[in-house]
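Next up, entry38.txt (compact mmCIF, C-alpha atoms and all ligand atoms):
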# COMPACT_ATOMS: atom_id res chain seq x y z
CA MET G 1 -11.94 97.66 3.60
CA LYS G 2 -10.70 95.40 0.83
CA LYS G 3 -11.79 92.15 -0.78
CA ALA G 4 -9.95 89.02 0.27
CA ASN G 5 -9.36 85.68 -1.39
CA GLY G 6 -9.55 82.28 0.26
CA HIS G 7 -5.80 82.08 0.86
CA GLU G 8 -5.77 85.38 2.75
CA ILE G 9 -8.63 84.33 5.00
CA ILE G 10 -7.08 80.93 5.71
CA GLN G 11 -3.76 82.60 6.49
CA LEU G 12 -5.50 84.57 9.24
CA PHE G 13 -7.22 81.42 10.49
CA GLU G 14 -3.95 79.49 10.62
CA LYS G 15 -2.34 82.18 12.76
CA PHE G 16 -5.05 81.40 15.30
CA ALA G 17 -5.09 77.60 14.85
CA PRO G 18 -1.87 76.57 13.06
CA LYS G 19 -1.86 73.23 11.27
CA SER G 20 1.13 72.21 13.42
CA LEU G 21 -1.24 71.88 16.41
CA ALA G 22 -3.21 69.03 14.80
CA MET G 23 -2.89 65.48 16.09
CA GLU G 24 -0.85 63.11 13.97
CA GLY G 25 -2.75 61.67 11.01
CA ASP G 26 -5.62 64.13 11.26
CA LYS G 27 -7.10 65.24 7.97
CA ILE G 28 -7.05 69.01 8.02
CA GLY G 29 -6.68 71.86 5.58
CA LEU G 30 -8.26 72.45 2.19
CA GLN G 31 -10.15 69.30 1.20
CA ILE G 32 -12.40 70.32 -1.67
CA GLY G 33 -12.29 73.19 -4.16
CA ARG G 34 -9.87 76.09 -4.33
CA LEU G 35 -8.78 79.08 -2.29
CA ASN G 36 -7.57 81.28 -5.14
CA GLN G 37 -10.87 83.03 -5.63
CA LYS G 38 -12.49 86.06 -4.08
CA VAL G 39 -14.35 85.13 -0.91
CA GLU G 40 -17.25 87.31 0.14
CA ARG G 41 -19.09 84.87 2.36
CA VAL G 42 -17.67 82.23 4.71
CA MET G 43 -19.87 79.75 6.55
CA ILE G 44 -18.68 78.01 9.71
CA ALA G 45 -20.04 74.46 10.09
CA LEU G 46 -19.56 71.53 12.43
CA ASP G 47 -20.36 68.86 9.82
CA VAL G 48 -20.54 69.02 6.04
CA LEU G 49 -23.85 67.27 5.35
CA ASP G 50 -25.94 67.56 2.21
CA SER G 51 -28.31 69.97 3.99
CA VAL G 52 -25.37 72.13 5.06
CA ILE G 53 -24.18 72.36 1.45
CA ASP G 54 -27.68 73.38 0.32
CA GLU G 55 -27.59 76.11 2.94
CA ALA G 56 -24.16 77.25 1.64
CA ILE G 57 -25.48 77.37 -1.94
CA LYS G 58 -28.53 79.34 -0.87
CA LYS G 59 -26.41 81.81 1.07
CA LYS G 60 -23.93 82.17 -1.83
CA VAL G 61 -20.96 81.00 0.21
CA GLN G 62 -17.53 80.54 -1.39
CA LEU G 63 -15.84 78.90 1.58
CA ILE G 64 -16.99 76.53 4.32
CA ILE G 65 -14.73 76.09 7.33
CA ALA G 66 -15.82 72.84 8.94
CA HIS G 67 -14.70 71.17 12.15
CA HIS G 68 -15.27 67.59 10.99
CA PRO G 69 -13.35 66.79 7.80
CA PRO G 70 -15.79 65.56 5.11
CA ILE G 71 -12.99 63.39 3.69
CA PHE G 72 -11.51 61.40 6.52
CA ARG G 73 -10.58 58.05 5.01
CA PRO G 74 -8.61 58.22 1.75
CA LEU G 75 -10.92 58.31 -1.27
CA LYS G 76 -10.44 55.60 -3.89
CA ASN G 77 -12.85 57.16 -6.34
CA VAL G 78 -15.42 59.91 -6.72
CA ILE G 79 -18.57 58.18 -7.93
CA THR G 80 -21.51 60.49 -8.10
CA ASP G 81 -24.22 58.01 -7.27
CA THR G 82 -22.76 57.60 -3.78
CA VAL G 83 -23.55 60.12 -1.06
CA GLN G 84 -19.93 61.17 -0.64
CA GLY G 85 -19.47 61.51 -4.41
CA GLN G 86 -22.61 63.63 -4.63
CA ILE G 87 -21.41 65.91 -1.86
CA ILE G 88 -18.09 66.51 -3.60
CA GLU G 89 -19.83 66.97 -6.96
CA LYS G 90 -22.25 69.51 -5.53
CA LEU G 91 -19.51 71.52 -3.85
CA LEU G 92 -17.36 71.56 -6.98
CA LYS G 93 -20.28 72.48 -9.24
CA HIS G 94 -21.02 75.49 -7.05
CA ASP G 95 -17.37 76.39 -6.60
CA ILE G 96 -17.59 76.10 -2.81
CA ALA G 97 -14.35 75.24 -1.06
CA VAL G 98 -14.24 73.19 2.14
CA TYR G 99 -11.44 73.72 4.61
CA ALA G 100 -11.27 71.33 7.57
CA ALA G 101 -10.09 72.64 10.95
CA HIS G 102 -10.24 69.67 13.25
CA THR G 103 -7.84 68.86 16.10
CA ASN G 104 -5.82 72.04 15.45
CA LEU G 105 -8.99 73.94 16.37
CA ASP G 106 -9.51 71.68 19.42
CA VAL G 107 -5.97 72.38 20.67
CA ALA G 108 -5.76 76.07 19.73
CA LYS G 109 -5.75 78.57 22.57
CA GLY G 110 -9.23 80.06 22.48
CA GLY G 111 -10.50 77.14 20.36
CA VAL G 112 -13.14 74.42 20.77
CA ASN G 113 -12.08 73.23 24.22
CA ASP G 114 -11.84 76.76 25.57
CA TRP G 115 -15.28 77.56 24.18
CA LEU G 116 -16.64 74.47 25.96
CA ALA G 117 -14.82 75.30 29.20
CA GLU G 118 -16.21 78.82 29.04
CA ALA G 119 -19.75 77.56 28.43
CA LEU G 120 -19.46 75.30 31.49
CA GLY G 121 -18.04 78.13 33.60
CA LEU G 122 -14.74 76.38 34.40
CA GLU G 123 -12.53 78.65 36.48
CA ASP G 124 -8.73 78.73 36.16
CA ALA G 125 -9.04 76.26 33.30
CA GLU G 126 -5.88 74.40 32.30
CA VAL G 127 -5.06 71.98 29.52
CA LEU G 128 -6.24 68.44 30.29
CA VAL G 129 -4.14 66.47 27.78
CA PRO G 130 -0.94 68.30 26.75
CA THR G 131 -0.14 67.62 23.09
CA PHE G 132 2.02 70.52 22.05
CA ASP G 133 4.91 72.25 23.80
CA THR G 134 5.86 75.58 22.25
CA LYS G 135 9.64 75.77 21.85
CA LEU G 136 11.27 78.95 23.13
CA LYS G 137 14.23 80.91 21.81
CA LYS G 138 16.37 83.56 23.45
CA LEU G 139 16.82 86.61 21.27
CA VAL G 140 19.71 88.97 22.02
CA VAL G 141 20.20 92.21 20.14
CA PHE G 142 22.70 95.07 20.42
CA VAL G 143 21.48 98.64 19.87
CA PRO G 144 22.68 102.21 20.62
CA VAL G 145 21.28 103.51 23.92
CA SER G 146 19.26 106.14 22.02
CA HIS G 147 17.16 103.48 20.29
CA ALA G 148 16.82 100.97 23.14
CA ASP G 149 13.32 102.02 24.20
CA GLU G 150 11.95 101.96 20.70
CA LEU G 151 13.46 98.55 20.06
CA ARG G 152 12.19 97.04 23.31
CA HIS G 153 8.77 98.33 22.44
CA ALA G 154 8.87 96.85 18.95
CA LEU G 155 10.01 93.47 20.31
CA GLY G 156 7.23 93.41 22.91
CA ASN G 157 4.56 94.48 20.45
CA ALA G 158 5.60 91.69 18.08
CA GLY G 159 5.00 89.14 20.86
CA ALA G 160 8.47 88.71 22.39
CA GLY G 161 8.94 88.63 26.14
CA PHE G 162 5.85 86.75 27.28
CA ILE G 163 6.46 85.06 30.62
CA GLY G 164 3.23 83.75 32.14
CA SER G 165 0.82 86.69 32.15
CA TYR G 166 3.63 89.24 31.83
CA SER G 167 4.37 90.76 28.44
CA HIS G 168 7.24 92.93 27.14
CA CYS G 169 9.75 91.18 29.45
CA SER G 170 13.39 91.85 28.65
CA PHE G 171 16.75 92.41 30.28
CA THR G 172 19.14 95.20 29.29
CA ALA G 173 22.85 95.61 30.05
CA ASN G 174 25.18 98.41 28.98
CA GLY G 175 28.34 97.85 26.99
CA THR G 176 30.52 99.08 24.22
CA GLY G 177 30.01 98.15 20.61
CA ARG G 178 32.91 98.32 18.17
CA PHE G 179 32.84 98.09 14.40
CA LEU G 180 34.70 99.11 11.28
CA PRO G 181 32.32 100.16 8.50
CA GLY G 182 33.43 98.93 5.04
CA GLU G 183 34.22 101.40 2.24
CA ASP G 184 30.87 100.92 0.49
CA THR G 185 28.67 101.15 3.60
CA ASN G 186 26.27 103.82 4.76
CA PRO G 187 26.57 103.55 8.56
CA PHE G 188 24.04 105.10 10.94
CA ILE G 189 26.94 106.03 13.22
CA GLY G 190 30.54 106.65 12.07
CA LYS G 191 32.16 106.86 8.64
CA PRO G 192 33.18 104.20 6.10
CA GLY G 193 36.73 102.99 6.73
CA GLU G 194 37.02 104.45 10.25
CA PRO G 195 36.87 102.26 13.37
CA GLU G 196 33.96 103.27 15.60
CA THR G 197 33.11 102.80 19.28
CA VAL G 198 29.49 103.19 20.40
CA GLU G 199 27.74 103.00 23.77
CA GLU G 200 25.28 100.22 23.14
CA VAL G 201 22.93 98.10 25.18
CA ARG G 202 22.41 94.39 24.98
CA ILE G 203 18.69 93.60 25.09
CA GLU G 204 17.68 90.01 25.69
CA THR G 205 14.23 88.56 25.59
CA ILE G 206 12.37 85.31 25.04
CA VAL G 207 10.42 84.39 21.90
CA PRO G 208 8.16 81.40 21.11
CA GLU G 209 9.56 79.69 18.01
CA PRO G 210 6.39 80.03 15.89
CA ILE G 211 6.64 83.84 15.97
CA LEU G 212 10.45 84.17 15.82
CA LYS G 213 10.46 85.31 12.18
CA LYS G 214 7.83 87.95 12.85
CA VAL G 215 9.74 89.25 15.89
CA ILE G 216 13.05 89.41 13.99
CA THR G 217 11.37 91.32 11.14
CA ALA G 218 9.90 93.83 13.63
CA MET G 219 13.28 94.11 15.38
CA ILE G 220 15.18 94.85 12.15
CA LYS G 221 12.56 97.43 11.18
CA ALA G 222 12.91 99.26 14.50
CA HIS G 223 16.73 99.06 14.58
CA PRO G 224 18.73 102.02 13.24
CA TYR G 225 21.67 99.96 11.95
CA GLU G 226 22.17 98.78 8.40
CA GLU G 227 23.45 95.44 9.70
CA VAL G 228 21.76 94.41 12.92
CA ALA G 229 23.87 92.34 15.33
CA TYR G 230 21.67 89.77 17.02
CA ASP G 231 21.84 86.20 18.29
CA VAL G 232 19.20 83.50 18.60
CA TYR G 233 19.80 80.77 21.20
CA PRO G 234 17.79 77.57 21.67
CA LEU G 235 16.32 77.21 25.16
CA GLU G 236 15.49 74.19 27.28
CA ASN G 237 12.79 76.09 29.23
CA LYS G 238 9.30 74.73 28.88
CA GLY G 239 7.16 76.91 26.64
CA GLU G 240 3.42 77.26 26.72
CA VAL G 241 1.70 73.89 26.82
CA LEU G 242 -1.27 73.44 24.52
CA GLY G 243 -3.50 70.43 24.24
CA LEU G 244 -6.88 68.75 24.21
CA GLY G 245 -9.56 69.26 26.87
CA ARG G 246 -9.62 71.64 29.79
CA ILE G 247 -9.89 71.15 33.54
CA GLY G 248 -10.96 73.75 36.07
CA LYS G 249 -12.93 74.59 39.18
CA ILE G 250 -16.70 74.84 39.42
CA PRO G 251 -18.85 75.94 42.35
CA GLU G 252 -19.41 72.87 44.54
CA MET G 253 -22.69 71.04 43.80
CA THR G 254 -24.04 67.55 43.31
CA LEU G 255 -23.37 65.55 40.17
CA GLU G 256 -27.06 65.77 39.36
CA GLU G 257 -27.04 69.56 39.66
CA PHE G 258 -23.97 69.83 37.47
CA ALA G 259 -25.47 67.47 34.87
CA LYS G 260 -28.50 69.77 34.66
CA LYS G 261 -26.19 72.76 34.24
CA VAL G 262 -24.30 71.00 31.44
CA LYS G 263 -27.58 70.38 29.63
CA VAL G 264 -28.49 74.05 29.69
CA ALA G 265 -24.99 75.39 29.06
CA LEU G 266 -24.33 73.16 26.06
CA GLU G 267 -27.89 73.42 24.75
CA VAL G 268 -28.78 69.73 24.60
CA ASP G 269 -32.01 67.95 25.48
CA ARG G 270 -30.41 65.21 27.52
CA VAL G 271 -27.13 63.99 28.93
CA ARG G 272 -26.02 60.52 30.04
CA VAL G 273 -24.58 60.43 33.54
CA VAL G 274 -22.23 57.87 35.09
CA GLY G 275 -21.78 57.94 38.87
CA ASP G 276 -23.61 58.70 42.08
CA MET G 277 -26.04 61.54 41.42
CA LYS G 278 -25.62 62.75 45.02
CA ALA G 279 -21.80 62.91 44.79
CA ARG G 280 -20.30 66.36 45.40
CA VAL G 281 -18.30 67.79 42.48
CA LYS G 282 -16.09 70.88 42.39
CA LYS G 283 -13.48 70.15 39.74
CA ALA G 284 -14.60 69.40 36.20
CA ALA G 285 -12.83 68.34 33.03
CA VAL G 286 -14.25 68.74 29.55
CA LEU G 287 -13.07 67.43 26.20
CA GLY G 288 -14.96 68.09 22.97
CA GLY G 289 -15.83 65.18 20.72
CA ASP G 290 -14.97 61.60 21.64
CA GLY G 291 -12.88 61.73 24.82
CA ASN G 292 -13.04 58.07 25.84
CA LYS G 293 -9.32 57.46 25.69
CA TYR G 294 -8.50 60.47 27.86
CA TYR G 295 -10.64 59.60 30.85
CA SER G 296 -7.58 58.56 32.87
CA HIS G 297 -6.14 62.10 32.36
CA ALA G 298 -9.26 63.51 33.96
CA LYS G 299 -8.94 61.05 36.85
CA PHE G 300 -5.19 61.63 37.25
CA LYS G 301 -5.58 65.42 37.27
CA GLY G 302 -8.14 65.23 40.06
CA ALA G 303 -11.37 65.90 38.20
CA ASP G 304 -14.53 64.93 40.09
CA VAL G 305 -16.44 64.81 36.85
CA TYR G 306 -15.47 64.44 33.19
CA VAL G 307 -17.68 65.83 30.45
CA THR G 308 -17.12 64.30 27.01
CA GLY G 309 -19.02 62.77 24.10
CA ASP G 310 -19.48 59.26 22.70
CA ILE G 311 -18.77 57.50 26.02
CA TYR G 312 -18.59 53.74 25.47
CA TYR G 313 -20.26 51.24 27.74
CA HIS G 314 -16.89 49.84 28.84
CA THR G 315 -15.32 53.25 29.44
CA ALA G 316 -18.31 54.03 31.65
CA HIS G 317 -17.69 50.83 33.62
CA ASP G 318 -13.98 51.62 33.98
CA ALA G 319 -14.77 55.16 35.16
CA MET G 320 -17.33 53.83 37.64
CA MET G 321 -14.79 51.47 39.15
CA ASP G 322 -12.19 54.26 39.20
CA GLY G 323 -14.63 56.53 41.02
CA LEU G 324 -14.72 59.13 38.22
CA ASN G 325 -18.12 60.63 37.45
CA MET G 326 -18.88 61.20 33.79
CA ILE G 327 -21.39 63.24 31.83
CA ASP G 328 -21.95 62.62 28.12
CA PRO G 329 -23.79 65.47 26.42
CA GLY G 330 -23.06 63.97 22.97
CA HIS G 331 -20.48 64.69 20.29
CA ASN G 332 -22.64 67.41 18.78
CA VAL G 333 -21.85 69.87 21.61
CA GLU G 334 -18.86 70.80 19.49
CA LYS G 335 -21.42 73.00 17.76
CA VAL G 336 -20.09 75.73 20.07
CA MET G 337 -17.37 76.12 17.45
CA LYS G 338 -19.85 77.60 15.00
CA LYS G 339 -20.45 80.71 17.08
CA GLY G 340 -16.95 80.73 18.57
CA LEU G 341 -15.07 80.60 15.31
CA THR G 342 -17.46 83.01 13.61
CA LYS G 343 -16.63 85.61 16.25
CA THR G 344 -12.88 84.97 16.20
CA LEU G 345 -12.61 85.03 12.42
CA GLN G 346 -14.79 88.12 12.17
CA THR G 347 -12.40 89.94 14.52
CA LEU G 348 -9.32 88.76 12.60
CA CYS G 349 -10.81 89.79 9.24
CA GLN G 350 -11.87 93.14 10.63
CA GLU G 351 -8.36 93.81 11.92
CA ALA G 352 -6.97 92.89 8.50
CA GLY G 353 -9.49 95.19 6.83
CA TYR G 354 -11.13 92.39 4.82
CA GLU G 355 -14.63 92.90 3.59
CA VAL G 356 -16.08 89.46 4.19
CA GLU G 357 -19.26 88.16 5.73
CA ILE G 358 -18.75 85.29 8.19
CA PHE G 359 -21.64 83.42 9.75
CA PRO G 360 -22.45 80.09 11.41
CA SER G 361 -24.45 77.38 9.66
CA GLN G 362 -27.99 77.18 11.03
CA ILE G 363 -28.42 73.48 10.24
CA HIS G 364 -28.72 71.15 13.21
CA THR G 365 -26.45 68.19 12.48
CA ASP G 366 -26.94 65.93 15.51
CA PRO G 367 -27.98 62.58 13.99
CA PHE G 368 -29.57 61.36 17.23
CA GLN G 369 -33.15 61.77 18.40
CA PHE G 370 -34.55 60.58 21.68
CA ILE G 371 -37.98 59.14 22.31
ZN ZN A 401 -15.65 66.00 16.85

Output the file's structure as structure tokens, nothing else.
Amino acid sequence: MKKANGHEIIQLFEKFAPKSLAMEGDKIGLQIGRLNQKVERVMIALDVLDSVIDEAIKKKVQLIIAHHPPIFRPLKNVITDTVQGQIIEKLLKHDIAVYAAHTNLDVAKGGVNDWLAEALGLEDAEVLVPTFDTKLKKLVVFVPVSHADELRHALGNAGAGFIGSYSHCSFTANGTGRFLPGEDTNPFIGKPGEPETVEEVRIETIVPEPILKKVITAMIKAHPYEEVAYDVYPLENKGEVLGLGRIGKIPEMTLEEFAKKVKVALEVDRVRVVGDMKARVKKAAVLGGDGNKYYSHAKFKGADVYVTGDIYYHTAHDAMMDGLNMIDPGHNVEKVMKKGLTKTLQTLCQEAGYEVEIFPSQIHTDPFQFI
């Protein structure tokens, strides 16, 4: 195990939830402090409130990864007799960095919306609002027959050849490779200055663009040749679709029964319900945070009920008239990210051999009380 700095930890995080997944204009990334220091303790928080910072100080945290960016509107000044100024001052004084992981964490595969879908028991969950289409590339490489297996293995292990739930997919054809090694070369097969003919195979596979570099590096490492002959082609095929919200099947029940389940599953004291309590529901959509503007996606994709926070009065009326049932458990249910991200980041750091303690904030940040 080795010590890690903030940059190294964030690099791991961004492999899981790349910044490129964030919605346009979102304020993500490092917001306060620095990453170029040793990080021994990371706290995962939903909101960066004063009480959360006190907790971080007490627990000697160097880095907070928060879902809601503490700086959302551009700052004009940092005046320390305002609440926001005091928060920034306190964090800087204690050398605590804040990194915001907002809509990129919502969209990420295995992120906020998947944690919510899992909590609600959605089966065969799919993306509700597609926002990101992973571009695909075709990678073709030529290799002597003797090294074909090893190379196919290396390509697959690096993430190439994923088609649906199948991994390590490739196609291989036999052929003849010809080359003339230059005078100052050190060829794996043949001699400098002598034309060579080799029985080679052409291996072709498919690679999502974000991991192309990694796959090419692994391919070159596993290839016996000094100069590897390979081609990368752009593809028009649709890659994996990522996005906000999830939609999936639930065991059939009444809206009232499902609302009660939501309350327990998302650990809230109450939910607001729009629709006929006796209506039967068997397909549910969920979207963490404020999902008002996506209610038509839920309707269009055939959801019987849409679970999201911050439902407006008028959205509720529109949904009622559209015959879409809604359940609002509040915005704070995104607190699932505290446990979810703690677990994910712990696994990533463990795999990387980093000695770092990662834990969720224990502060309850829902501003609402009910009487
Ligand atoms: Zn939110």

So which residues touch Met337 (chain G) within 12 Å, counting all atoms listed in the file, skipping near sequence neighbours fewer than 3 positions away, as a VMD selection string?
chain G and resid 43 to 47 65 to 68 101 to 102 105 to 106 108 110 to 116 118 to 119 266 288 to 289 332 to 334 340 to 345 359 to 361

Smallest atom-to-atom distance to Leu128 (chain G): which of G:Arg152, G:Val107, G:Lys90, G:Asn157, using only C-alpha atoms?
G:Val107

In Å, rounded to a single decimal, give me how far CA of Ala125 (chain G) is from CA of Phe300 (chain G).
15.6 Å

Write out as JSON, numbers by chain which residues come within 10 Å of Leu151 (chain G) when counting all atoms listed in the file, dropping same-chain ones fewer than 4 positions away.
{"G": [141, 142, 143, 144, 146, 147, 155, 156, 157, 203, 218, 219, 220, 221, 222, 223, 224]}

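Atom pair CA of Val98 (chain G) / CA of Gly245 (chain G): separated by 25.5 Å.
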
Name the residues in contact with region 188-198 of chain G at a cut-off of 7 Å, using all atoms listed in the file, excluding same-chain residues fewer than 4 positions from it; report them as a PDB file with C-alpha atoms, in the coordinates of the input.
ATOM      1  CA  PRO G 144      22.680 102.210  20.620  1.00  0.00           C
ATOM      2  CA  THR G 176      30.520  99.080  24.220  1.00  0.00           C
ATOM      3  CA  GLY G 177      30.010  98.150  20.610  1.00  0.00           C
ATOM      4  CA  ARG G 178      32.910  98.320  18.170  1.00  0.00           C
ATOM      5  CA  PHE G 179      32.840  98.090  14.400  1.00  0.00           C
ATOM      6  CA  LEU G 180      34.700  99.110  11.280  1.00  0.00           C
ATOM      7  CA  PRO G 181      32.320 100.160   8.500  1.00  0.00           C
ATOM      8  CA  GLY G 182      33.430  98.930   5.040  1.00  0.00           C
ATOM      9  CA  GLU G 183      34.220 101.400   2.240  1.00  0.00           C
ATOM     10  CA  ASP G 184      30.870 100.920   0.490  1.00  0.00           C
ATOM     11  CA  PRO G 224      18.730 102.020  13.240  1.00  0.00           C
ATOM     12  CA  TYR G 225      21.670  99.960  11.950  1.00  0.00           C
TER      13      TYR G 225
END

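We find CA of Lys249 (chain G) and CA of Val281 (chain G) to be spaced 9.3 Å apart.
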
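For the choices G:Glu123, G:Asp26, G:Glu267, G:Asp231, the atom-to-atom distance to ligand ZN 401 (chain A) is smallest for G:Asp26 when using all atoms listed in the file.
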
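Remark: for ligand ZN 401 (chain A), the closest of the candidate residues G:Pro70, G:Gly85, G:Gly164, G:Pro18 is G:Pro70 (distances computed over only C-alpha atoms and all ligand atoms).
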
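Of the listed residues G:Glu199, G:Asp133, G:Asp328, G:Asp310, the one whose atoms come nearest to ligand ZN 401 (chain A) is G:Asp310, with distances taken using all atoms listed in the file.
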
Selected residue of minimal separation from Asn36 (chain G) among G:Pro69, G:Lys15, G:Ile96, G:Ile53, counting all atoms listed in the file:
G:Ile96

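Residue nearest ligand ZN 401 (chain A), chosen from G:Lys260, G:Val268, G:Tyr312, G:Ala100 and counting only C-alpha atoms and all ligand atoms: G:Ala100.
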
Show me as a list in words the residues that reach within 7 Å of (-8.5, 67.8, 27.8), counting only C-alpha atoms and using the file's own coordinates.
Val127, Leu128, Val129, Gly243, Leu244, Gly245, Arg246, Ile247, Ala285, Val286 and Leu287 of chain G

Can you list, as a list in words, every protein, DNA or RNA residue that comes within 8 Å of Ile327 (chain G) when you count only C-alpha atoms, leaving out same-chain residues fewer than 3 positions away?
Ala259, Val271, Arg272, Val273, Val274, Val305, Tyr306, Val307 and Thr308 of chain G

I need the chosen residues saved as an mmCIF file, keeping the file's coordinate frame, with C-alpha atoms.
data_model
loop_
_atom_site.group_PDB
_atom_site.id
_atom_site.type_symbol
_atom_site.label_atom_id
_atom_site.label_comp_id
_atom_site.auth_asym_id
_atom_site.auth_seq_id
_atom_site.Cartn_x
_atom_site.Cartn_y
_atom_site.Cartn_z
ATOM 1 C CA ALA G 259 -25.470 67.470 34.870
ATOM 2 C CA VAL G 271 -27.130 63.990 28.930
ATOM 3 C CA ARG G 272 -26.020 60.520 30.040
ATOM 4 C CA VAL G 273 -24.580 60.430 33.540
ATOM 5 C CA VAL G 274 -22.230 57.870 35.090
ATOM 6 C CA VAL G 305 -16.440 64.810 36.850
ATOM 7 C CA TYR G 306 -15.470 64.440 33.190
ATOM 8 C CA VAL G 307 -17.680 65.830 30.450
ATOM 9 C CA THR G 308 -17.120 64.300 27.010
#

Got a sec: who's within 8 Å of Val42 (chain G), counting all atoms listed in the file, leaving out chain neighbours fewer than 2 positions off, as an MDAnalysis selection string?
chainID G and resid 39:40 44 61:65 356:359

Resulting file, chosen residues, C-alpha atoms, as a PDB file, in the coordinates of the input:
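Saved file selection.pdb follows:
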ATOM      1  CA  VAL G  39     -14.350  85.130  -0.910  1.00  0.00           C
ATOM      2  CA  GLU G  40     -17.250  87.310   0.140  1.00  0.00           C
ATOM      3  CA  ILE G  44     -18.680  78.010   9.710  1.00  0.00           C
ATOM      4  CA  VAL G  61     -20.960  81.000   0.210  1.00  0.00           C
ATOM      5  CA  GLN G  62     -17.530  80.540  -1.390  1.00  0.00           C
ATOM      6  CA  LEU G  63     -15.840  78.900   1.580  1.00  0.00           C
ATOM      7  CA  ILE G  64     -16.990  76.530   4.320  1.00  0.00           C
ATOM      8  CA  ILE G  65     -14.730  76.090   7.330  1.00  0.00           C
ATOM      9  CA  VAL G 356     -16.080  89.460   4.190  1.00  0.00           C
ATOM     10  CA  GLU G 357     -19.260  88.160   5.730  1.00  0.00           C
ATOM     11  CA  ILE G 358     -18.750  85.290   8.190  1.00  0.00           C
ATOM     12  CA  PHE G 359     -21.640  83.420   9.750  1.00  0.00           C
TER      13      PHE G 359
END
